[in-house]
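*Asks:* A single structure is presented below for examination.
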Amino acid sequence: MTPTPAFADDTHWEHPHPRRGFFTDTSICIGCKACEVACKEWNRNPADSDYELLGSSYDNTGGLGADTWRHVAFIEQSRDRIEQARESGRALVDLGMPRVGPPAASSSAEPASGGCGCSSGGGGCGSAATTGGASTAQDGDSPVLDTPDFRWLMSSDVCKHCTHAGCLDVCPTGALLRTEYGTVVVQEDICNGCGTCVAGCPFGVIERRDDGLVEPKTQRGAAPMPDTVKVPQDGIAQKCTLCYDRMKDDQTPACAQACPTTSIKYGERETMLESAQKRVAQLHEQGKTEARLYGANPKDGVGGTGSIFLLLDEPEVYGLPPDPRVPTADLPRMFKRAGMAMVGMLALGAVAFTAGDRS
Ligand code: SF4
Ligand code: SF4
Ligand code: SF4
């Protein structure tokens with residue numbers, strides 16, 4: 001058991017456990033929401049809707065929140081959008097840049113890319129794809145789930161357990177904690193509900209829990225109605241803990257355990273990254289050039305994430321920011337400039353004082 005060097009460097013302390021994380025492969029998700037339900041059950045999180053569909057999709061929860069720590073997005077796509085996704089994925093994989101060296105003997109001899117770790121649709125790794133240009137090739141191991149004219153993207157979203165976690169950086173009480181497994185959890189007995197972390201998360205994951213009610217001043221302190229169920233941790237910031245309690249007992253997180261398709265994989269973060277890179281290469285070989293990784297790039301604005309995703313379209317399509325950036329990233333530069341400005345003002349003051357003295 002060795003610490004992940006990059007992670008240990010980032011947090012400035014070493015720990016005996018390898019970093020843990022998820023690899024969520026959205027290409028095999030069937031949208032059953034077993035993960036969402038398992039998370040609610042295990043964590044005793046309250047329901048946040050009356051199980052009514054949103055009207056815009058077959059979803060009923062809409063997004064991550066204080067009561068929904070796993071959320072499965074449903075996205076319908078027509079043939080045009082599928083083609084666009086395939087083209088943008090191809091652009092992500094192969095920039096068409098001139099390169100030095102002999103040409104590859106054949107496309108099948110060259111390993112497909114995907115280990116690039118690119119996290120956004122706008123980036124690229126410059127490595128060659130071996131797709132052969134077939135947009136509907138289905139001759140690999142994956143089942144044929146889509147028609148040429150329509151597909152349904154399903155994606156189970158969760159806290160990213162960022163390498164540079166904005167929520168943790170900005171929390172004034174120290175309620176957010178980096179665990180010995182490299183995950184980020186809220187200490188509910190320390191959180192004072194100020195909500196600073198909510199603004200600090202570039203993914204919009206963490207949220208303060210409320211009970212959905214506004215209590216009139218005249219009723220404060222009154223005994224609750226008999227059939228009222230008290231919402232636990234009301235007012236406290238809430239999000240996925242990566243099942244810290246289960247992890248400490250060497251158990252798989254509830255969502256990953258419940259997933260019937262193994263779309264959610266859990267383990268050491270490095271192993272998850274390797275699995276994700278192999279899977280994206282496999283999909284590229286099958287002609288699914290739209291497959292790309294999200295959260296795998298250690299040079300992105302949050303230093304990579306503990307939760308890695310394989311997406312089949314641009315991150316924005318899934319409601320994910322294409323270029324997430326931790327809000328504290330610019331602090332060293334800002335402090336440096338403020339320091340330089342202060343030194344300059346002191347120097348000017350000294351010059352003015354000396355000049356005034358002489359006159
Ligand atoms: S995704 Fe947001 S809430 Fe989760 S660790 Fe990163 S900054 Fe914190
Ligand atoms: S790891 Fe645990 S807390 Fe996080 S989404 Fe899965 S079940 Fe919920
Ligand atoms: S991630 Fe797994 S459990 Fe969740 S909706 Fe998809 S298939 Fe179902």
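Letters for chains follow the order of the structure tokens (A, B, ...), residue numbers begin at 1 for each chain, and ligand numbers begin at 1 in the order shown.
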For the interface of chain A with ligand 3 (cut-off 9 Å, counting only C-alpha atoms and all ligand atoms), please tabulate each contacting residue of chain A alongside its nearest pair of atoms and their separation in Å to one decimal, rows sorted by chain and increasing number, as a tab-separated table.
*Replies:*
residue	atom	partner	partner_atom_place_in_ligand_line	distance
A:Thr24	CA	ligand 3	1 (S)	7.1
A:Asp25	CA	ligand 3	1 (S)	7.9
A:Thr26	CA	ligand 3	1 (S)	7.2
A:Ile28	CA	ligand 3	7 (S)	6.8
A:Cys29	CA	ligand 3	6 (Fe)	3.7
A:Ile30	CA	ligand 3	7 (S)	4.5
A:Gly31	CA	ligand 3	5 (S)	3.7
A:Cys32	CA	ligand 3	8 (Fe)	3.9
A:Lys33	CA	ligand 3	5 (S)	3.8
A:Ala34	CA	ligand 3	3 (S)	4.1
A:Cys35	CA	ligand 3	3 (S)	4.1
A:Glu36	CA	ligand 3	4 (Fe)	6.4
A:Val37	CA	ligand 3	3 (S)	8.5
A:Ala38	CA	ligand 3	3 (S)	8.5
A:Arg70	CA	ligand 3	4 (Fe)	8.3
A:His71	CA	ligand 3	4 (Fe)	8.1
A:Val72	CA	ligand 3	5 (S)	5.7
A:Ala73	CA	ligand 3	5 (S)	8.5
A:Met154	CA	ligand 3	6 (Fe)	6.6
A:Ser155	CA	ligand 3	6 (Fe)	6.4
A:Ser156	CA	ligand 3	1 (S)	5.0
A:Asp157	CA	ligand 3	1 (S)	8.5
A:Cys255	CA	ligand 3	3 (S)	6.7
A:Ala256	CA	ligand 3	3 (S)	7.3
A:Gln257	CA	ligand 3	3 (S)	8.6
A:Ala258	CA	ligand 3	3 (S)	6.0
A:Cys259	CA	ligand 3	3 (S)	3.5
A:Pro260	CA	ligand 3	2 (Fe)	5.7
A:Thr261	CA	ligand 3	7 (S)	5.1
A:Thr262	CA	ligand 3	2 (Fe)	6.2
A:Ser263	CA	ligand 3	2 (Fe)	5.0
A:Ile264	CA	ligand 3	1 (S)	5.4
*Asks:* For the interface of chain A with ligand 2 (cut-off 7 Å, counting only C-alpha atoms and all ligand atoms), please tabulate each contacting residue of chain A alongside its nearest pair of atoms and their separation in Å to one decimal, rows sorted by chain and increasing number, as CSV.
*Replies:*
residue,atom,partner,partner_atom_place_in_ligand_line,distance
A:Cys35,CA,ligand 2,7 (S),6.9
A:Ala38,CA,ligand 2,7 (S),6.1
A:Cys39,CA,ligand 2,7 (S),3.7
A:Lys40,CA,ligand 2,8 (Fe),6.8
A:Trp42,CA,ligand 2,7 (S),6.7
A:Asn43,CA,ligand 2,3 (S),6.7
A:Trp69,CA,ligand 2,5 (S),4.9
A:Arg70,CA,ligand 2,5 (S),4.5
A:Val158,CA,ligand 2,5 (S),5.7
A:Cys240,CA,ligand 2,4 (Fe),3.8
A:Thr241,CA,ligand 2,3 (S),4.6
A:Leu242,CA,ligand 2,1 (S),3.3
A:Cys243,CA,ligand 2,2 (Fe),3.7
A:Pro253,CA,ligand 2,1 (S),4.7
A:Ala254,CA,ligand 2,7 (S),4.2
A:Cys255,CA,ligand 2,7 (S),4.2
A:Ala256,CA,ligand 2,6 (Fe),6.5
*Asks:* Excluding A:Gly303 and residues on its chain fewer than 5 positions from it, collect all residues at most 8 Å away from it, counting only C-alpha atoms, and give them as a ChimeraX atom specification.
*Replies:* /A:162-164,297-298
*Asks:* Please, which residues in chain A fall within 10 Å of ligand 1 when counting only C-alpha atoms and all ligand atoms, and what is the closest atom pair and distance in Å to one decimal for each, ordered by chain then residue number, as JSON lines?
*Replies:*
{"residue": "A:Val158", "atom": "CA", "partner": "ligand 1", "partner_atom_place_in_ligand_line": "1 (S)", "distance": 7.7}
{"residue": "A:Cys159", "atom": "CA", "partner": "ligand 1", "partner_atom_place_in_ligand_line": "4 (Fe)", "distance": 4.1}
{"residue": "A:Lys160", "atom": "CA", "partner": "ligand 1", "partner_atom_place_in_ligand_line": "1 (S)", "distance": 4.1}
{"residue": "A:His161", "atom": "CA", "partner": "ligand 1", "partner_atom_place_in_ligand_line": "5 (S)", "distance": 3.8}
{"residue": "A:Cys162", "atom": "CA", "partner": "ligand 1", "partner_atom_place_in_ligand_line": "6 (Fe)", "distance": 4.3}
{"residue": "A:Thr163", "atom": "CA", "partner": "ligand 1", "partner_atom_place_in_ligand_line": "6 (Fe)", "distance": 7.7}
{"residue": "A:His164", "atom": "CA", "partner": "ligand 1", "partner_atom_place_in_ligand_line": "6 (Fe)", "distance": 7.3}
{"residue": "A:Ala165", "atom": "CA", "partner": "ligand 1", "partner_atom_place_in_ligand_line": "7 (S)", "distance": 4.3}
{"residue": "A:Gly166", "atom": "CA", "partner": "ligand 1", "partner_atom_place_in_ligand_line": "7 (S)", "distance": 4.3}
{"residue": "A:Cys167", "atom": "CA", "partner": "ligand 1", "partner_atom_place_in_ligand_line": "8 (Fe)", "distance": 4.3}
{"residue": "A:Leu168", "atom": "CA", "partner": "ligand 1", "partner_atom_place_in_ligand_line": "8 (Fe)", "distance": 6.2}
{"residue": "A:Asp169", "atom": "CA", "partner": "ligand 1", "partner_atom_place_in_ligand_line": "7 (S)", "distance": 8.5}
{"residue": "A:Val170", "atom": "CA", "partner": "ligand 1", "partner_atom_place_in_ligand_line": "7 (S)", "distance": 9.5}
{"residue": "A:Leu176", "atom": "CA", "partner": "ligand 1", "partner_atom_place_in_ligand_line": "8 (Fe)", "distance": 8.5}
{"residue": "A:Leu177", "atom": "CA", "partner": "ligand 1", "partner_atom_place_in_ligand_line": "5 (S)", "distance": 9.8}
{"residue": "A:Arg178", "atom": "CA", "partner": "ligand 1", "partner_atom_place_in_ligand_line": "5 (S)", "distance": 9.1}
{"residue": "A:Thr183", "atom": "CA", "partner": "ligand 1", "partner_atom_place_in_ligand_line": "5 (S)", "distance": 7.5}
{"residue": "A:Val184", "atom": "CA", "partner": "ligand 1", "partner_atom_place_in_ligand_line": "5 (S)", "distance": 5.4}
{"residue": "A:Val185", "atom": "CA", "partner": "ligand 1", "partner_atom_place_in_ligand_line": "5 (S)", "distance": 7.9}
{"residue": "A:Val186", "atom": "CA", "partner": "ligand 1", "partner_atom_place_in_ligand_line": "3 (S)", "distance": 9.2}
{"residue": "A:Cys197", "atom": "CA", "partner": "ligand 1", "partner_atom_place_in_ligand_line": "3 (S)", "distance": 7.5}
{"residue": "A:Val198", "atom": "CA", "partner": "ligand 1", "partner_atom_place_in_ligand_line": "3 (S)", "distance": 7.6}
{"residue": "A:Ala199", "atom": "CA", "partner": "ligand 1", "partner_atom_place_in_ligand_line": "7 (S)", "distance": 9.2}
{"residue": "A:Gly200", "atom": "CA", "partner": "ligand 1", "partner_atom_place_in_ligand_line": "7 (S)", "distance": 6.4}
{"residue": "A:Cys201", "atom": "CA", "partner": "ligand 1", "partner_atom_place_in_ligand_line": "7 (S)", "distance": 3.8}
{"residue": "A:Pro202", "atom": "CA", "partner": "ligand 1", "partner_atom_place_in_ligand_line": "7 (S)", "distance": 6.0}
{"residue": "A:Phe203", "atom": "CA", "partner": "ligand 1", "partner_atom_place_in_ligand_line": "1 (S)", "distance": 5.4}
{"residue": "A:Gly204", "atom": "CA", "partner": "ligand 1", "partner_atom_place_in_ligand_line": "2 (Fe)", "distance": 6.3}
{"residue": "A:Val205", "atom": "CA", "partner": "ligand 1", "partner_atom_place_in_ligand_line": "3 (S)", "distance": 5.0}
{"residue": "A:Ile206", "atom": "CA", "partner": "ligand 1", "partner_atom_place_in_ligand_line": "3 (S)", "distance": 4.6}
{"residue": "A:Glu207", "atom": "CA", "partner": "ligand 1", "partner_atom_place_in_ligand_line": "3 (S)", "distance": 8.4}
{"residue": "A:Ala237", "atom": "CA", "partner": "ligand 1", "partner_atom_place_in_ligand_line": "3 (S)", "distance": 9.5}
{"residue": "A:Gln238", "atom": "CA", "partner": "ligand 1", "partner_atom_place_in_ligand_line": "3 (S)", "distance": 8.6}
{"residue": "A:Lys239", "atom": "CA", "partner": "ligand 1", "partner_atom_place_in_ligand_line": "3 (S)", "distance": 6.6}
{"residue": "A:Cys240", "atom": "CA", "partner": "ligand 1", "partner_atom_place_in_ligand_line": "4 (Fe)", "distance": 7.6}
{"residue": "A:Thr241", "atom": "CA", "partner": "ligand 1", "partner_atom_place_in_ligand_line": "4 (Fe)", "distance": 9.0}
{"residue": "A:Leu242", "atom": "CA", "partner": "ligand 1", "partner_atom_place_in_ligand_line": "4 (Fe)", "distance": 10.0}
{"residue": "A:Val302", "atom": "CA", "partner": "ligand 1", "partner_atom_place_in_ligand_line": "6 (Fe)", "distance": 7.9}
{"residue": "A:Gly304", "atom": "CA", "partner": "ligand 1", "partner_atom_place_in_ligand_line": "6 (Fe)", "distance": 9.8}
{"residue": "A:Thr305", "atom": "CA", "partner": "ligand 1", "partner_atom_place_in_ligand_line": "6 (Fe)", "distance": 7.5}
{"residue": "A:Gly306", "atom": "CA", "partner": "ligand 1", "partner_atom_place_in_ligand_line": "5 (S)", "distance": 8.5}
{"residue": "A:Ser307", "atom": "CA", "partner": "ligand 1", "partner_atom_place_in_ligand_line": "1 (S)", "distance": 8.8}
{"residue": "A:Pro324", "atom": "CA", "partner": "ligand 1", "partner_atom_place_in_ligand_line": "1 (S)", "distance": 9.6}
{"residue": "A:Arg325", "atom": "CA", "partner": "ligand 1", "partner_atom_place_in_ligand_line": "7 (S)", "distance": 9.4}
{"residue": "A:Val326", "atom": "CA", "partner": "ligand 1", "partner_atom_place_in_ligand_line": "7 (S)", "distance": 7.3}
{"residue": "A:Pro327", "atom": "CA", "partner": "ligand 1", "partner_atom_place_in_ligand_line": "7 (S)", "distance": 9.3}
*Asks:* Quick one: everything within 9 Å of stretch 267-273 of chain A, counting only C-alpha atoms, minus sequence neighbours fewer than 3 positions away in the same chain. Send it as an mmCIF file with N, CA and C atoms, in the first residue's frame.
*Replies:*
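This went into around27.cif:
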data_model
loop_
_atom_site.group_PDB
_atom_site.id
_atom_site.type_symbol
_atom_site.label_atom_id
_atom_site.label_comp_id
_atom_site.auth_asym_id
_atom_site.auth_seq_id
_atom_site.Cartn_x
_atom_site.Cartn_y
_atom_site.Cartn_z
ATOM 1 N N THR A 4 -0.521 7.669 -3.351
ATOM 2 C CA THR A 4 -0.413 8.152 -4.717
ATOM 3 C C THR A 4 0.439 9.401 -4.696
ATOM 4 N N PRO A 18 -3.966 3.979 -0.424
ATOM 5 C CA PRO A 18 -4.043 4.515 -1.785
ATOM 6 C C PRO A 18 -5.331 5.299 -1.949
ATOM 7 N N ARG A 19 -5.294 6.250 -2.849
ATOM 8 C CA ARG A 19 -6.494 7.050 -3.086
ATOM 9 C C ARG A 19 -7.590 6.180 -3.712
ATOM 10 N N ARG A 20 -8.808 6.323 -3.243
ATOM 11 C CA ARG A 20 -9.943 5.570 -3.785
ATOM 12 C C ARG A 20 -10.773 6.457 -4.702
ATOM 13 N N GLY A 21 -11.490 5.823 -5.593
ATOM 14 C CA GLY A 21 -12.332 6.600 -6.497
ATOM 15 C C GLY A 21 -13.297 5.727 -7.268
ATOM 16 N N PHE A 22 -14.020 6.378 -8.164
ATOM 17 C CA PHE A 22 -14.995 5.710 -9.022
ATOM 18 C C PHE A 22 -14.550 5.802 -10.475
ATOM 19 N N PHE A 23 -14.934 4.812 -11.260
ATOM 20 C CA PHE A 23 -14.957 4.964 -12.712
ATOM 21 C C PHE A 23 -16.392 4.686 -13.127
ATOM 22 N N GLY A 115 -6.139 6.930 -23.593
ATOM 23 C CA GLY A 115 -5.402 7.092 -22.364
ATOM 24 C C GLY A 115 -4.915 8.501 -22.211
ATOM 25 N N GLY A 117 -6.517 11.048 -21.147
ATOM 26 C CA GLY A 117 -6.950 11.711 -19.936
ATOM 27 C C GLY A 117 -7.573 13.054 -20.184
ATOM 28 N N THR A 252 -17.775 -2.091 -0.432
ATOM 29 C CA THR A 252 -17.999 -1.291 -1.637
ATOM 30 C C THR A 252 -19.081 -0.249 -1.349
ATOM 31 N N ALA A 276 -10.537 2.981 -17.146
ATOM 32 C CA ALA A 276 -11.204 3.986 -17.977
ATOM 33 C C ALA A 276 -10.449 4.158 -19.298
ATOM 34 N N GLN A 277 -9.135 4.176 -19.226
ATOM 35 C CA GLN A 277 -8.344 4.359 -20.453
ATOM 36 C C GLN A 277 -8.497 3.156 -21.387
ATOM 37 N N LYS A 278 -8.549 1.959 -20.815
ATOM 38 C CA LYS A 278 -8.733 0.765 -21.655
ATOM 39 C C LYS A 278 -10.115 0.778 -22.307
ATOM 40 N N ALA A 296 -10.060 12.735 -15.771
ATOM 41 C CA ALA A 296 -8.844 11.912 -15.760
ATOM 42 C C ALA A 296 -7.571 12.721 -15.968
ATOM 43 N N GLY A 306 -11.343 12.306 -8.265
ATOM 44 C CA GLY A 306 -11.404 10.929 -7.783
ATOM 45 C C GLY A 306 -12.473 10.140 -8.521
ATOM 46 N N SER A 307 -13.519 10.820 -8.958
ATOM 47 C CA SER A 307 -14.589 10.178 -9.738
ATOM 48 C C SER A 307 -14.325 10.450 -11.211
ATOM 49 N N ILE A 308 -13.983 9.394 -11.948
ATOM 50 C CA ILE A 308 -13.694 9.536 -13.382
ATOM 51 C C ILE A 308 -14.911 9.042 -14.161
#
*Asks:* Kindly indicate which residue among A:Pro315, A:Pro332, A:Gly339, A:Gly349 lies nearest to A:Gly295, using only C-alpha atoms for the distances.
*Replies:* A:Pro315
*Asks:* Looking only at the backbone, which of the residues in stretch 160-355 of chain A does DSSP tag as strand (DSSP E), as a compact mmCIF listing (two decimals) with C-alpha atoms, in the first residue's frame?
*Replies:*
# COMPACT_ATOMS: atom_id res chain seq x y z
CA LEU A 176 -14.82 19.62 5.12
CA LEU A 177 -12.19 16.97 5.54
CA ARG A 178 -9.77 15.09 3.26
CA VAL A 184 -13.73 14.67 0.68
CA VAL A 185 -16.40 14.47 3.39
CA VAL A 186 -18.45 16.91 5.47
CA GLU A 207 -25.73 22.05 -1.18
CA ARG A 208 -27.24 23.02 2.17
CA ALA A 237 -24.02 21.18 3.81
CA GLN A 238 -24.47 17.71 2.37
CA ILE A 264 -20.17 2.25 -11.51
CA LYS A 265 -16.81 0.75 -10.66
CA TYR A 266 -15.04 1.42 -7.39
CA GLY A 267 -11.47 0.87 -6.30
CA GLU A 268 -8.04 2.45 -6.14
CA ARG A 292 -14.03 10.53 -23.94
CA LEU A 293 -12.86 10.69 -20.36
CA TYR A 294 -13.83 13.34 -17.86
CA SER A 307 -14.59 10.18 -9.74
CA ILE A 308 -13.69 9.54 -13.38
CA PHE A 309 -16.39 9.37 -16.05
CA LEU A 310 -16.54 7.96 -19.55
CA LEU A 311 -18.88 10.20 -21.54
*Asks:* Taking only C-alpha atoms into account, which of A:Glu290, A:Glu188, A:Glu285, A:Asp48 comes nearest A:Ala66?
*Replies:*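 Of the candidates, the smallest distance to A:Ala66 is held by A:Asp48.
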*Asks:* Which residues come within 8 Å of A:Tyr58, counting only C-alpha atoms, excluding same-chain residues fewer than 4 positions away, as an mmCIF file with C-alpha atoms, in the first residue's frame?
*Replies:*
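File result_30.cif, as written:
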data_model
loop_
_atom_site.group_PDB
_atom_site.id
_atom_site.type_symbol
_atom_site.label_atom_id
_atom_site.label_comp_id
_atom_site.auth_asym_id
_atom_site.auth_seq_id
_atom_site.Cartn_x
_atom_site.Cartn_y
_atom_site.Cartn_z
ATOM 1 C CA LEU A 53 -41.507 13.204 -13.736
ATOM 2 C CA LEU A 54 -39.936 16.565 -14.526
ATOM 3 C CA PHE A 74 -31.447 10.979 -18.944
#
*Asks:* Please, what distance in Å, to one decimal, runs between atom CA of A:Gly193 and atom CA of A:Glu180?
*Replies:* 24.4 Å
*Asks:* So what do you get for atom CA of A:Ile236 versus atom CA of A:Lys248, distance-wise?
*Replies:*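 One can read the atom CA of A:Ile236 to atom CA of A:Lys248 distance as 23.2 Å.
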*Asks:* Can you list, as a PyMOL selection string, all residues belonging to stretch 21-71 of chain A that DSSP tags as alpha helix (DSSP H)?
*Replies:* chain A and resi 34-43
